[in-house]
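Novice: What follows is a structure written as structure tokens; I'll ask about it next.
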Amino acid sequence: MESLKQKAKELLEAGEIKAVLGYARGTSDTRRPHVAMSALEVDKLVADQACTTNLANLLMKHEIKHLGKLAVVASRPSTLRSLLQLTAEHQVADGAILALVPAEGGVKQLGTAQAFEEHLALVPQKKTEKDQALLDRLKAMPRAERFAFWQKEFSRCMKCYACRNSCPMCYCERCTMDCNRPQWVPVPSHAVGNQEYHLVRAMHLAGRCVECGECGRACPVGIPVHLLTFFAEDSVRAQFGQGGGASATIDNALSTFRPDDKETFIR
Amino acid sequence: MSEQFEPKITAFVCNWCTYAGADLTGTSRIKYQPNVRVLRVPCTGRIDFMLIMKAFERGADGVMISGCHPNDCHYTSGNYHARRRWMVFRDLMDFMGIDTERVTFSWVSAAEGAKWGALVNEVTDKIRALGPNTEQKQLVGLGVE
Amino acid sequence: MSRIGVFTCHCGENIAGTVDCPKVAELTRQIPGVVHSVDYKYMCSDPGQTLIKEAIKEHKLDGVVVAACSPRMHEPTFRKAAAEAGVNPYLCEMANLREHCSWVHEKNEATTQKAADLVRIMVEKVKHDTPLTPIKVPVTKTALVVGGGIAGIQTALDIANAGHQVVLVEKSPSIGGHMSQLSETFPTLDCSQCILTPRMVEAAQHPNIKLMTYSEVEKVDGFIGNFKVTVRKKAKKVDEKACTGCGLCVTKCPNKKIPDEFNEGLAFRPAIYVPFPQAVPNKPTIDTANCTYFKNGKCGVCSKVCPTGAIRYDQEDELITMDIGAIVMATGFKLMQTDKFPEYGYGKYKDVIDGMQFERLASASGPTAGVIKRPSDGKEPETVVFIACSGSRDRAKGVPYCSKICCMYTAKHTMLYKHKVHHGQAYVFYMDIRSAGKDYDEFVRRAIEEDEAKYIRGRVSRIYEEDGKLIVKGADTLMNGEPVEIKADMVVLATAVQSQDRSEDLAQTLHISYDKYGFFAEAHPKLRPVETNTAGIFLAGACQAPRDIPETVAQGSAAGAKVAALFSQDELTREPIVAVVNRQAPPLFSTCTGCFLCQTACPYQAIEQEEIKDRSGRVIKTVAKVNPGLCQGCGTCVAFCRTKAIDLAGFSNEQLFAELMTL
């Protein structure tokens with residue numbers, strides 16, 4: 001922790017960066033994102049298990065983007081995965097953002113996509129047991145039962161778009177959901193619109209989702225929406241071998257193809 | 001209702017292969033059931049998954065999507081891109097519990113007039129046997145009030 | 001509110017036989033926006049078209065739906081009619097009541113209902129149609145021909161004679177290609193050099209042809225009429241302008257033991273060389289891989305003897321970028337390599353040679369001056385076995401196709417042999433004799449009947465050496481597979497024709513498609529045989545598939561005619577069905593987020609990056625931009641774009657959505 005602060009102060013002092021994006025103590029025992037632009041603010045930084053937010057999401061926000069060169073605290077691998085995917089999608093220039101990774105006995109400073117990739121190779125991403133269990137349970141269900149499960153879940157959705165807004169990959173300035181010529185997805189939060197919204201969201205993230213699970217955590221009514229994109233990502237990886245957030249250089253699975261892609265359903 | 005259920009089937013087909021193939025079904029005077037409504041697009045690559053989704057919202061009991069065989073795309077690779085998209089989309093529909101039995105993907109070339117006729121008949125019979133797409137229709141019913 | 005006219009065609013009985021056309025007209029009249037709806041016996045007839053045109057004027061129609069046959073049949077007809085009456089042609093759509101309805105369904109209520117639905121779909125589409133104007137693209141009237149064999153030479157000459165500029169690029173130091181290596185040609189047995197050399201000289205001297213030998217295409221950008229091509233002019237290490245072609249350097253070069261490519265390794269050449277006496281240009285090139293000077297800095301004899309000081313050891317490759325309007329690929333073929341035939345001892349026994357080597361042995365300008373001598377000891381072979389289909393039509397060798405030229409040239413070889421070695425005997429092992437073509441079968445008959453070649457239908461299983469003879473073991477399938485054994489002095493394999501090395505790489509450089517054997521793919525196997533799927537790039541000769549000389553020349557001329565037709569216009573007109581990336585008011589500028597995932601989805605490399613700048617030139621945003629010259633309108637990017645920032649004119653999101661909403 002101290003070495004992280006030390007490093008952040010050094011970088012700020014040397015003028016290498018304009019700000020550090022990290023976590024600070026929130027109300028009660030929560031953690032909230034924190035932008036430190038001075039040594040005083042750096043002292044408020046915390047890094048522990050309770051820091052769950054994927055900070056990469058904030059990097060795409062207008063206010064943060066314009067601060068200048070940033071260092072981001074990447075205590076979660078998904079933050080680095082997000083950075084890789086954002087680099088692949090031309091949203092972040094390679095080398096534009098420093099990642100500070102709290103490590104045993106110090107802090108690792110990573111500056112390039114290649115360094116992110118090398119670091120990620122050491123910390124394989126895994127779904128939580130709870131997520132994996134629910135995913136397995138859903139996959140084992142008869143289809144109609146699965147339909148009922150999701151309809152019941154979606155019935156609580158009020159289209160607050162928290163899942164969208166918390167997602168580092170949902171950086172579009174104008175979302176398709178807000179498109180009204182044509183109005184692809186109805187605005188009100190009714191059954192058909194909700195199903196369509198979640199289907200569109202999952203499809204738009206297929207091959208791009210970095211599996212941070214932020215959308216699921218953001219949902220105020222507790223719909224496991226992250227399982228939809230997790231599933232899409234599993235499907236992409238199983239069929240095409242490459243998923244989101246793995247590399248800044250590999251082409252997106254859904255905007256490329258192989259002539260010998262194997263499917264079983266086309267007549 | 002004593003009448004036989006007549007399914008509503010929406011088809012998205014590419015201009016160069018399946019649309020031409022369906023034209024050949026016509027010129028060959030091969031008969032098929034009249035339940036299908038064809039929407040013409042330039043290429044299967046143009047078929048947005050949202051169109052399939054909206055077709056169900058509009059009360060389609062079945063959806064057909066068809067284009068050029070691999071390696072025969074008029075635009076060289078539109079169908080390959082489409083295929084990848086369908087592979088994921090179909091998985092995802094199934095994961096959300098949407099009945100993928102109601103969506104038929106096919107490659108029908110400009111020379112396969114007979115295949116198109118047979119396929120439309122097969123799909124129509126299958127959807128008729130499955131019955132109305134109640135699951136999706138109920139969603140709409142709830143939605144529009 | 002739209003003012004749409006619906007015109008339902010009976011097509012005689014073709015539609016009206018099963019569809020109640022007056023009812024369709026009546027039903028569709030009730031669609032909001034439709035102000036006029038009639039039915040008529042033949043809409044495509046003159047009176048039918050007049051009826052549409054008059055209705056457009058009388059009812060002030062701003063959109064037209066013709067419910068008749070397939071748009072693939074008559075869309076141009078009705079769009080033209082609409083345009084003549086003052087409606088933008090792209091505001092005229094067709095509902096396919098014939099091929100998709102009346103011809104495939106029974107006469108009943110459901111069929112008429114479907115017909116009305118099909119019209120309804122198109123009415124909604126027309127409501128969302130936007131007037132479009134064909135895209136005009138300027139044309140650079142310079143053609144690039146890649147490959148200086150007979151295909152490339154013919155194409156270049158035809159284009160040049162039509163009055164257009166041509167750049168002819170050849171990778172080796174001389175034009176002429178495989179044809180220049182041949183001794184005589186079938187089915188007339190005229191000397192290959194005699195008919196080819198005048199063409200080579202004509203190409204070199206033509207005022208409209210710029211020859212670039214020892215050069216290769218490095219990069220191709222742009223689109224039909226507007227390609228930017230970069231050619232690598234490899235360093236010959238000889239100043240072409242200063243060199244007079246006296247040949248002193250060639251005679252004085254001390255390193256003369258390099259296998260001669262032109263003579264298929266049957267002779268040697270020096271390190272500074274002219275590939276063959278009739279080469280065009282007839283100026284030497286230094287083979288730096290084998291030159292002593294380039295290996296260890298010593299020697300320099302050529303430089304010392306050159307009377308004009310034309311040797312330039314420091315000459316570097318040059319990259320030359322040109323504006324090109326059309327490209328013709330004429331890169332030819334190669335023969336299957338020796339290592340593919342261990343069972344025939346090809347590569348192991350000196351007297352087992354391939355067809356091209358036999359050509360050199362039979363050629364008056366070859367290493368033996370046209371006397372047939374076998375390579376091992378220079379003896380005149382008294383028995384020669386020719387094996388057709390060596391590799392061709394052989395799945396195990398990866399060539400299931402027929403190489404097409406071997407049957408004919410093998411027959412020619414037996415004749416050339418017999419004419420030179422009167423007491424000799426030629427045997428031919430073959431699978432089938434494929435001699436379709438003018439005077440071709442007669443030619444093969446002559447080889448058999450007059451020149452007494454013995455044709456044995458069967459495969460050769462093995463060749464081995466015994467007492468200075470090559471023992472050829474095979475079977476005669478016309479004699480119930482009876483084993484045949486021939487003691488031969490020389491064996492000639494008609495090896496398979498294959499695509500050039502690295503043809504796939506070249507195809508990718510040009511963005512053209514190729515088949516699994518590396519041959520370039522034509523746009524349509526029957527109707528567009530010399531075009532590729534990439535507009536403005538054409539094919540000639542054996543780079544597309546195995547071809548003989550007459551076919552190659554015909555294809556070269558065909559490609560030349562295609563280019564000349566393209567160059568006959570100052571501007572190209574293209575269908576305006578192209579994708580467009582939207583532009584919006586600030587601060588959004590475009591809903592495009594610049595993820596550029598669409599770039600890899602585009603089959604035509606039509607998506608570029610565009611920087612949106614403020615007044616001071618600062619980049620605000622980088623977004624996608626579709627090059628309308630390259631876009632072919634498939635819409636793959638449109639379906640892929642998450643923000644719907646790209647849309648396809650003629651098949652827009654709004655149009656498809658509206659069509660769907662009628663159902």
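Labels used: A, B, ... for chains in the order of the structure tokens, numbers from 1 for residues in each chain, and numbers from 1 for ligands as shown.
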Counting only C-alpha atoms, which residues of chain A come no farther than 7 Å from chain C, as a list of chain:residue names?
Specialist: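 Per the criterion, chain A yields A:Glu89, A:His90, A:Gln91, A:Cys172, A:Glu173, A:Arg174, A:Cys175, A:Thr176, A:Arg181, A:Pro182, A:His204, A:Asn252, A:Ser255, A:Thr256.
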Novice: Could you take the residues named above and write them with N, CA and C atoms, as a PDB file, in the first residue's frame?
Specialist:
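For reference, selection.pdb as written:
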ATOM      1  N   GLU A  89      -9.603  -1.306 -29.625  1.00  0.00           N
ATOM      2  CA  GLU A  89     -10.703  -0.579 -30.270  1.00  0.00           C
ATOM      3  C   GLU A  89     -10.391   0.905 -30.463  1.00  0.00           C
ATOM      4  N   HIS A  90      -9.125   1.243 -30.436  1.00  0.00           N
ATOM      5  CA  HIS A  90      -8.677   2.604 -30.735  1.00  0.00           C
ATOM      6  C   HIS A  90      -9.231   3.653 -29.781  1.00  0.00           C
ATOM      7  N   GLN A  91      -9.618   3.240 -28.569  1.00  0.00           N
ATOM      8  CA  GLN A  91     -10.161   4.214 -27.627  1.00  0.00           C
ATOM      9  C   GLN A  91      -9.067   4.761 -26.716  1.00  0.00           C
ATOM     10  N   CYS A 172     -19.947   3.978 -26.184  1.00  0.00           N
ATOM     11  CA  CYS A 172     -20.550   4.711 -27.305  1.00  0.00           C
ATOM     12  C   CYS A 172     -21.163   6.017 -26.799  1.00  0.00           C
ATOM     13  N   GLU A 173     -20.956   7.060 -27.571  1.00  0.00           N
ATOM     14  CA  GLU A 173     -21.518   8.342 -27.147  1.00  0.00           C
ATOM     15  C   GLU A 173     -23.035   8.358 -27.298  1.00  0.00           C
ATOM     16  N   ARG A 174     -23.504   7.663 -28.347  1.00  0.00           N
ATOM     17  CA  ARG A 174     -24.951   7.499 -28.445  1.00  0.00           C
ATOM     18  C   ARG A 174     -25.254   6.024 -28.611  1.00  0.00           C
ATOM     19  N   CYS A 175     -25.870   5.474 -27.578  1.00  0.00           N
ATOM     20  CA  CYS A 175     -26.174   4.052 -27.556  1.00  0.00           C
ATOM     21  C   CYS A 175     -27.326   3.742 -28.503  1.00  0.00           C
ATOM     22  N   THR A 176     -27.312   2.548 -29.067  1.00  0.00           N
ATOM     23  CA  THR A 176     -28.414   2.116 -29.929  1.00  0.00           C
ATOM     24  C   THR A 176     -29.755   2.197 -29.210  1.00  0.00           C
ATOM     25  N   ARG A 181     -34.555   6.532 -34.762  1.00  0.00           N
ATOM     26  CA  ARG A 181     -34.929   6.419 -36.171  1.00  0.00           C
ATOM     27  C   ARG A 181     -34.111   5.332 -36.822  1.00  0.00           C
ATOM     28  N   PRO A 182     -34.530   4.130 -36.802  1.00  0.00           N
ATOM     29  CA  PRO A 182     -35.743   3.621 -36.161  1.00  0.00           C
ATOM     30  C   PRO A 182     -35.524   3.352 -34.661  1.00  0.00           C
ATOM     31  N   HIS A 204     -23.724  -7.068 -28.339  1.00  0.00           N
ATOM     32  CA  HIS A 204     -22.762  -6.002 -28.583  1.00  0.00           C
ATOM     33  C   HIS A 204     -21.460  -6.220 -27.810  1.00  0.00           C
ATOM     34  N   ASN A 252     -10.905  -8.471 -33.533  1.00  0.00           N
ATOM     35  CA  ASN A 252     -12.115  -8.883 -32.833  1.00  0.00           C
ATOM     36  C   ASN A 252     -12.707 -10.129 -33.485  1.00  0.00           C
ATOM     37  N   SER A 255     -15.592  -9.536 -35.949  1.00  0.00           N
ATOM     38  CA  SER A 255     -15.407  -8.749 -37.173  1.00  0.00           C
ATOM     39  C   SER A 255     -14.384  -9.418 -38.075  1.00  0.00           C
ATOM     40  N   THR A 256     -14.079 -10.665 -37.742  1.00  0.00           N
ATOM     41  CA  THR A 256     -13.201 -11.449 -38.612  1.00  0.00           C
ATOM     42  C   THR A 256     -13.885 -12.793 -38.840  1.00  0.00           C
TER      43      THR A 256
END
Novice: Residues of chain B were defined as contacting chain A if any atom lay at most 9 Å from it, counting only C-alpha atoms; please report them as a VMD selection string.
Specialist: chain B and resid 49 to 51 53 to 54 57 66 70 to 71 77 80 to 85 87 to 89 91 to 99 104 to 108 119 135 to 144
Novice: If you take only C-alpha atoms and a cut-off of 7 Å, which residues of chain C touch chain B, and what are their nearest atom pairs and distances in Å to one decimal, in chain and number order, as JSON lines?
Specialist:
{"residue": "C:Ser70", "atom": "CA", "partner": "B:Asp23", "partner_atom": "CA", "distance": 6.9}
{"residue": "C:Glu99", "atom": "CA", "partner": "B:Gly26", "partner_atom": "CA", "distance": 4.0}
{"residue": "C:His100", "atom": "CA", "partner": "B:Gly26", "partner_atom": "CA", "distance": 6.1}
{"residue": "C:Trp103", "atom": "CA", "partner": "B:Gly26", "partner_atom": "CA", "distance": 5.0}
{"residue": "C:Val104", "atom": "CA", "partner": "B:Lys31", "partner_atom": "CA", "distance": 4.2}
{"residue": "C:His105", "atom": "CA", "partner": "B:Lys31", "partner_atom": "CA", "distance": 5.5}
{"residue": "C:Ala110", "atom": "CA", "partner": "B:Pro34", "partner_atom": "CA", "distance": 6.8}
{"residue": "C:Thr111", "atom": "CA", "partner": "B:Pro34", "partner_atom": "CA", "distance": 6.2}
{"residue": "C:Lys114", "atom": "CA", "partner": "B:Pro34", "partner_atom": "CA", "distance": 6.8}
{"residue": "C:Pro603", "atom": "CA", "partner": "B:Ser77", "partner_atom": "CA", "distance": 6.0}
{"residue": "C:Cys634", "atom": "CA", "partner": "B:Cys43", "partner_atom": "CA", "distance": 5.4}
{"residue": "C:Gly635", "atom": "CA", "partner": "B:Arg46", "partner_atom": "CA", "distance": 4.4}
{"residue": "C:Thr636", "atom": "CA", "partner": "B:Gly45", "partner_atom": "CA", "distance": 4.1}
{"residue": "C:Val638", "atom": "CA", "partner": "B:Arg46", "partner_atom": "CA", "distance": 6.4}
{"residue": "C:Ala639", "atom": "CA", "partner": "B:Asp48", "partner_atom": "CA", "distance": 4.4}
{"residue": "C:Phe651", "atom": "CA", "partner": "B:Val41", "partner_atom": "CA", "distance": 6.7}
{"residue": "C:Leu660", "atom": "CA", "partner": "B:Ala55", "partner_atom": "CA", "distance": 6.6}
{"residue": "C:Met661", "atom": "CA", "partner": "B:Arg58", "partner_atom": "CA", "distance": 6.8}
{"residue": "C:Leu663", "atom": "CA", "partner": "B:Arg58", "partner_atom": "CA", "distance": 6.5}
Novice: Can I get the selected residues back with C-alpha atoms, as a tab-separated table (two decimals), in the first residue's frame?
Specialist:
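The resulting file, selection.tsv, is shown below:
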chain	number	residue	atom	x	y	z
C	70	SER	CA	-38.73	-10.35	-59.80
C	99	GLU	CA	-41.58	-15.78	-58.95
C	100	HIS	CA	-42.23	-15.48	-55.21
C	103	TRP	CA	-45.85	-19.29	-59.64
C	104	VAL	CA	-45.24	-21.07	-56.37
C	105	HIS	CA	-48.64	-21.06	-54.71
C	110	ALA	CA	-53.99	-16.91	-48.88
C	111	THR	CA	-52.05	-16.34	-52.10
C	114	LYS	CA	-49.57	-12.80	-49.53
C	603	PRO	CA	-14.46	-7.30	-47.60
C	634	CYS	CA	-22.86	-5.54	-48.99
C	635	GLY	CA	-23.78	-3.93	-45.68
C	636	THR	CA	-21.68	-6.22	-43.50
C	638	VAL	CA	-23.88	-1.84	-41.15
C	639	ALA	CA	-25.06	-4.94	-39.35
C	651	PHE	CA	-31.18	-0.91	-47.73
C	660	LEU	CA	-40.51	-5.57	-41.01
C	661	MET	CA	-43.14	-3.49	-39.23
C	663	LEU	CA	-45.61	-7.94	-41.04
Novice: I'd like the contact shell of Cys406 (chain C) - 8 Å cut-off, only C-alpha atoms, skipping same-chain residues fewer than 4 positions apart - returned as a ChimeraX atom specification.
Specialist: /C:388-389,410,494-495
Novice: Those same residues - C-alpha atoms - I'd like them written as a compact mmCIF listing (two decimals), in the first residue's frame.
Specialist:
# COMPACT_ATOMS: atom_id res chain seq x y z
CA ALA C 388 1.42 -37.86 -69.02
CA CYS C 389 -0.47 -36.78 -65.89
CA THR C 410 3.45 -34.79 -74.97
CA ALA C 494 4.55 -34.14 -68.09
CA THR C 495 4.49 -32.55 -64.66
Novice: For the structure I just gave you, how does DSSP split region 30-109 of chain A - specifically, which residues are alpha helix (DSSP H)? Reply as a ChimeraX atom specification.
Specialist: /A:39-42,56-59,62-65,77-88
Novice: Could those residues be written to a file, using N, CA and C atoms, as a PDB file, in the first residue's frame?
Specialist:
ATOM      1  N   ALA A  39      -0.101  15.091  -3.795  1.00  0.00           N
ATOM      2  CA  ALA A  39       0.389  14.176  -2.775  1.00  0.00           C
ATOM      3  C   ALA A  39      -0.646  13.991  -1.660  1.00  0.00           C
ATOM      4  N   LEU A  40      -1.327  15.073  -1.347  1.00  0.00           N
ATOM      5  CA  LEU A  40      -2.345  15.031  -0.297  1.00  0.00           C
ATOM      6  C   LEU A  40      -3.460  14.043  -0.679  1.00  0.00           C
ATOM      7  N   GLU A  41      -3.866  14.150  -1.924  1.00  0.00           N
ATOM      8  CA  GLU A  41      -4.935  13.261  -2.388  1.00  0.00           C
ATOM      9  C   GLU A  41      -4.453  11.821  -2.519  1.00  0.00           C
ATOM     10  N   VAL A  42      -3.166  11.686  -2.852  1.00  0.00           N
ATOM     11  CA  VAL A  42      -2.610  10.334  -2.971  1.00  0.00           C
ATOM     12  C   VAL A  42      -2.718   9.605  -1.636  1.00  0.00           C
ATOM     13  N   ALA A  56     -11.430   1.131 -15.330  1.00  0.00           N
ATOM     14  CA  ALA A  56     -11.302   1.420 -16.767  1.00  0.00           C
ATOM     15  C   ALA A  56     -12.549   2.108 -17.297  1.00  0.00           C
ATOM     16  N   ASN A  57     -13.675   1.805 -16.671  1.00  0.00           N
ATOM     17  CA  ASN A  57     -14.924   2.438 -17.079  1.00  0.00           C
ATOM     18  C   ASN A  57     -14.828   3.958 -17.018  1.00  0.00           C
ATOM     19  N   LEU A  58     -14.154   4.435 -15.972  1.00  0.00           N
ATOM     20  CA  LEU A  58     -14.066   5.890 -15.785  1.00  0.00           C
ATOM     21  C   LEU A  58     -13.137   6.536 -16.804  1.00  0.00           C
ATOM     22  N   LEU A  59     -12.187   5.740 -17.305  1.00  0.00           N
ATOM     23  CA  LEU A  59     -11.227   6.300 -18.267  1.00  0.00           C
ATOM     24  C   LEU A  59     -11.914   6.817 -19.517  1.00  0.00           C
ATOM     25  N   HIS A  62     -15.690  11.630 -20.152  1.00  0.00           N
ATOM     26  CA  HIS A  62     -15.183  12.885 -20.684  1.00  0.00           C
ATOM     27  C   HIS A  62     -14.291  13.615 -19.683  1.00  0.00           C
ATOM     28  N   GLU A  63     -14.755  13.698 -18.440  1.00  0.00           N
ATOM     29  CA  GLU A  63     -14.048  14.465 -17.415  1.00  0.00           C
ATOM     30  C   GLU A  63     -12.661  13.897 -17.154  1.00  0.00           C
ATOM     31  N   ILE A  64     -12.573  12.582 -17.146  1.00  0.00           N
ATOM     32  CA  ILE A  64     -11.305  11.924 -16.827  1.00  0.00           C
ATOM     33  C   ILE A  64     -10.368  11.984 -18.034  1.00  0.00           C
ATOM     34  N   LYS A  65     -10.953  11.748 -19.209  1.00  0.00           N
ATOM     35  CA  LYS A  65     -10.183  11.720 -20.456  1.00  0.00           C
ATOM     36  C   LYS A  65      -9.363  12.989 -20.625  1.00  0.00           C
ATOM     37  N   PRO A  77      -7.361  -7.714 -12.331  1.00  0.00           N
ATOM     38  CA  PRO A  77      -6.886  -8.000 -13.690  1.00  0.00           C
ATOM     39  C   PRO A  77      -7.836  -7.462 -14.764  1.00  0.00           C
ATOM     40  N   SER A  78      -9.136  -7.401 -14.419  1.00  0.00           N
ATOM     41  CA  SER A  78     -10.095  -6.973 -15.441  1.00  0.00           C
ATOM     42  C   SER A  78      -9.859  -5.528 -15.873  1.00  0.00           C
ATOM     43  N   THR A  79      -9.219  -4.728 -14.991  1.00  0.00           N
ATOM     44  CA  THR A  79      -8.905  -3.358 -15.393  1.00  0.00           C
ATOM     45  C   THR A  79      -7.890  -3.388 -16.532  1.00  0.00           C
ATOM     46  N   LEU A  80      -6.894  -4.261 -16.407  1.00  0.00           N
ATOM     47  CA  LEU A  80      -5.890  -4.379 -17.458  1.00  0.00           C
ATOM     48  C   LEU A  80      -6.513  -4.963 -18.730  1.00  0.00           C
ATOM     49  N   ARG A  81      -7.408  -5.932 -18.534  1.00  0.00           N
ATOM     50  CA  ARG A  81      -8.074  -6.524 -19.699  1.00  0.00           C
ATOM     51  C   ARG A  81      -8.887  -5.451 -20.425  1.00  0.00           C
ATOM     52  N   SER A  82      -9.539  -4.595 -19.645  1.00  0.00           N
ATOM     53  CA  SER A  82     -10.300  -3.501 -20.250  1.00  0.00           C
ATOM     54  C   SER A  82      -9.389  -2.601 -21.063  1.00  0.00           C
ATOM     55  N   LEU A  83      -8.230  -2.280 -20.457  1.00  0.00           N
ATOM     56  CA  LEU A  83      -7.291  -1.392 -21.153  1.00  0.00           C
ATOM     57  C   LEU A  83      -6.847  -2.007 -22.481  1.00  0.00           C
ATOM     58  N   LEU A  84      -6.606  -3.317 -22.461  1.00  0.00           N
ATOM     59  CA  LEU A  84      -6.203  -3.987 -23.699  1.00  0.00           C
ATOM     60  C   LEU A  84      -7.296  -3.889 -24.757  1.00  0.00           C
ATOM     61  N   GLN A  85      -8.527  -4.177 -24.325  1.00  0.00           N
ATOM     62  CA  GLN A  85      -9.632  -4.148 -25.282  1.00  0.00           C
ATOM     63  C   GLN A  85      -9.856  -2.723 -25.797  1.00  0.00           C
ATOM     64  N   LEU A  86      -9.754  -1.751 -24.901  1.00  0.00           N
ATOM     65  CA  LEU A  86      -9.938  -0.355 -25.325  1.00  0.00           C
ATOM     66  C   LEU A  86      -8.834   0.061 -26.296  1.00  0.00           C
ATOM     67  N   THR A  87      -7.639  -0.470 -26.097  1.00  0.00           N
ATOM     68  CA  THR A  87      -6.545  -0.171 -27.020  1.00  0.00           C
ATOM     69  C   THR A  87      -6.850  -0.800 -28.381  1.00  0.00           C
ATOM     70  N   ALA A  88      -7.310  -2.062 -28.344  1.00  0.00           N
ATOM     71  CA  ALA A  88      -7.653  -2.741 -29.602  1.00  0.00           C
ATOM     72  C   ALA A  88      -8.727  -1.969 -30.358  1.00  0.00           C
TER      73      ALA A  88
END
Novice: Please report the interatomic distance between CA of Val553 (chain C) and CA of Gly265 (chain C) in Å with one decimal.
Specialist: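 For CA of Val553 (chain C) relative to CA of Gly265 (chain C), the distance reads 27.9 Å.
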Novice: Got a sec: who's within 8 Å of Ala162 (chain A), counting only C-alpha atoms, leaving out chain neighbours fewer than 5 positions off, as a list in words?
Specialist: Cys215, Ala218, Cys219 and Pro220 of chain A
Novice: Please list as a ChimeraX atom specification every residue within 9 Å of Leu506 (chain C), counting only C-alpha atoms and excluding residues in the same chain fewer than 4 positions away.
Specialist: /C:217-218,502,510-512
Novice: Using C-alpha atoms, can you export the residues from the last selection as an mmCIF file, in the first residue's frame?
Specialist:
data_model
loop_
_atom_site.group_PDB
_atom_site.id
_atom_site.type_symbol
_atom_site.label_atom_id
_atom_site.label_comp_id
_atom_site.auth_asym_id
_atom_site.auth_seq_id
_atom_site.Cartn_x
_atom_site.Cartn_y
_atom_site.Cartn_z
ATOM 1 C CA VAL C 217 4.267 -5.276 -57.483
ATOM 2 C CA GLU C 218 4.766 -4.281 -53.878
ATOM 3 C CA ARG C 502 3.522 -16.813 -53.515
ATOM 4 C CA LEU C 510 -4.325 -6.913 -54.739
ATOM 5 C CA HIS C 511 -7.357 -7.934 -52.643
ATOM 6 C CA ILE C 512 -8.503 -10.458 -55.241
#
Novice: Based on DSSP run over this structure's backbone, return all residues of region 13-203 of chain A in strand (DSSP E or B), as number ranges by chain.
Specialist: A: 19-25, 31-36, 45-46, 70-73, 97-103, 106-110
Novice: Could you name the residues that touch Ala96 (chain A) at 9 Å or less, counting only C-alpha atoms, but leaving out those on the same chain fewer than 3 positions away, as a VMD selection string?
Specialist: chain A and resid 69 to 70 92 to 93 111 to 112
Novice: Mind dumping the selected residues with N, CA and C atoms as a PDB file, in the first residue's frame?
Specialist:
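The resulting file, selection-v5.pdb, is shown below:
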ATOM      1  N   LYS A  69      -2.234  12.802 -18.961  1.00  0.00           N
ATOM      2  CA  LYS A  69      -1.733  11.427 -18.789  1.00  0.00           C
ATOM      3  C   LYS A  69      -2.043  10.896 -17.395  1.00  0.00           C
ATOM      4  N   LEU A  70      -2.543   9.679 -17.356  1.00  0.00           N
ATOM      5  CA  LEU A  70      -3.040   9.096 -16.114  1.00  0.00           C
ATOM      6  C   LEU A  70      -2.292   7.824 -15.734  1.00  0.00           C
ATOM      7  N   VAL A  92      -8.040   3.950 -26.527  1.00  0.00           N
ATOM      8  CA  VAL A  92      -6.913   4.354 -25.709  1.00  0.00           C
ATOM      9  C   VAL A  92      -5.667   4.070 -26.529  1.00  0.00           C
ATOM     10  N   ALA A  93      -4.766   5.044 -26.596  1.00  0.00           N
ATOM     11  CA  ALA A  93      -3.535   4.800 -27.347  1.00  0.00           C
ATOM     12  C   ALA A  93      -2.601   3.942 -26.517  1.00  0.00           C
ATOM     13  N   GLY A 111       3.467  -0.052 -18.541  1.00  0.00           N
ATOM     14  CA  GLY A 111       3.209   1.100 -19.410  1.00  0.00           C
ATOM     15  C   GLY A 111       2.701   0.786 -20.784  1.00  0.00           C
ATOM     16  N   THR A 112       2.800  -0.453 -21.220  1.00  0.00           N
ATOM     17  CA  THR A 112       2.397  -0.758 -22.597  1.00  0.00           C
ATOM     18  C   THR A 112       1.442  -1.938 -22.631  1.00  0.00           C
TER      19      THR A 112
END
Novice: Find, counting only C-alpha atoms, the residue in C:Pro281, C:Gly247, C:Gly536, C:Gly5 that gets nearest to Met200 (chain C).
Specialist: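 Nearest to Met200 (chain C): C:Pro281.
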Novice: Can you tell me how far CA of Ala453 (chain C) sits from CA of Thr383 (chain C), in Å to one decimal?
Specialist: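 Calculated distance between CA of Ala453 (chain C) and CA of Thr383 (chain C) is 10.6 Å.
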Novice: Give me the residues near His206 (chain C) as a compact mmCIF listing (two decimals) with N, CA and C atoms, in the first residue's frame, where near means some atom within 9 Å (using only C-alpha atoms) and where sequence neighbours in that chain fewer than 6 positions away do not count.
Specialist:
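Resulting contents of out34.txt:
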# COMPACT_ATOMS: atom_id res chain seq x y z
N LEU C 157 -0.24 -5.14 -75.53
CA LEU C 157 -0.31 -4.65 -76.91
C LEU C 157 -1.72 -4.23 -77.28
N ALA C 160 -2.49 -0.97 -75.53
CA ALA C 160 -1.68 0.10 -76.11
C ALA C 160 -2.20 0.48 -77.50
N ASN C 161 -2.59 -0.54 -78.26
CA ASN C 161 -3.10 -0.26 -79.61
C ASN C 161 -4.45 0.46 -79.57
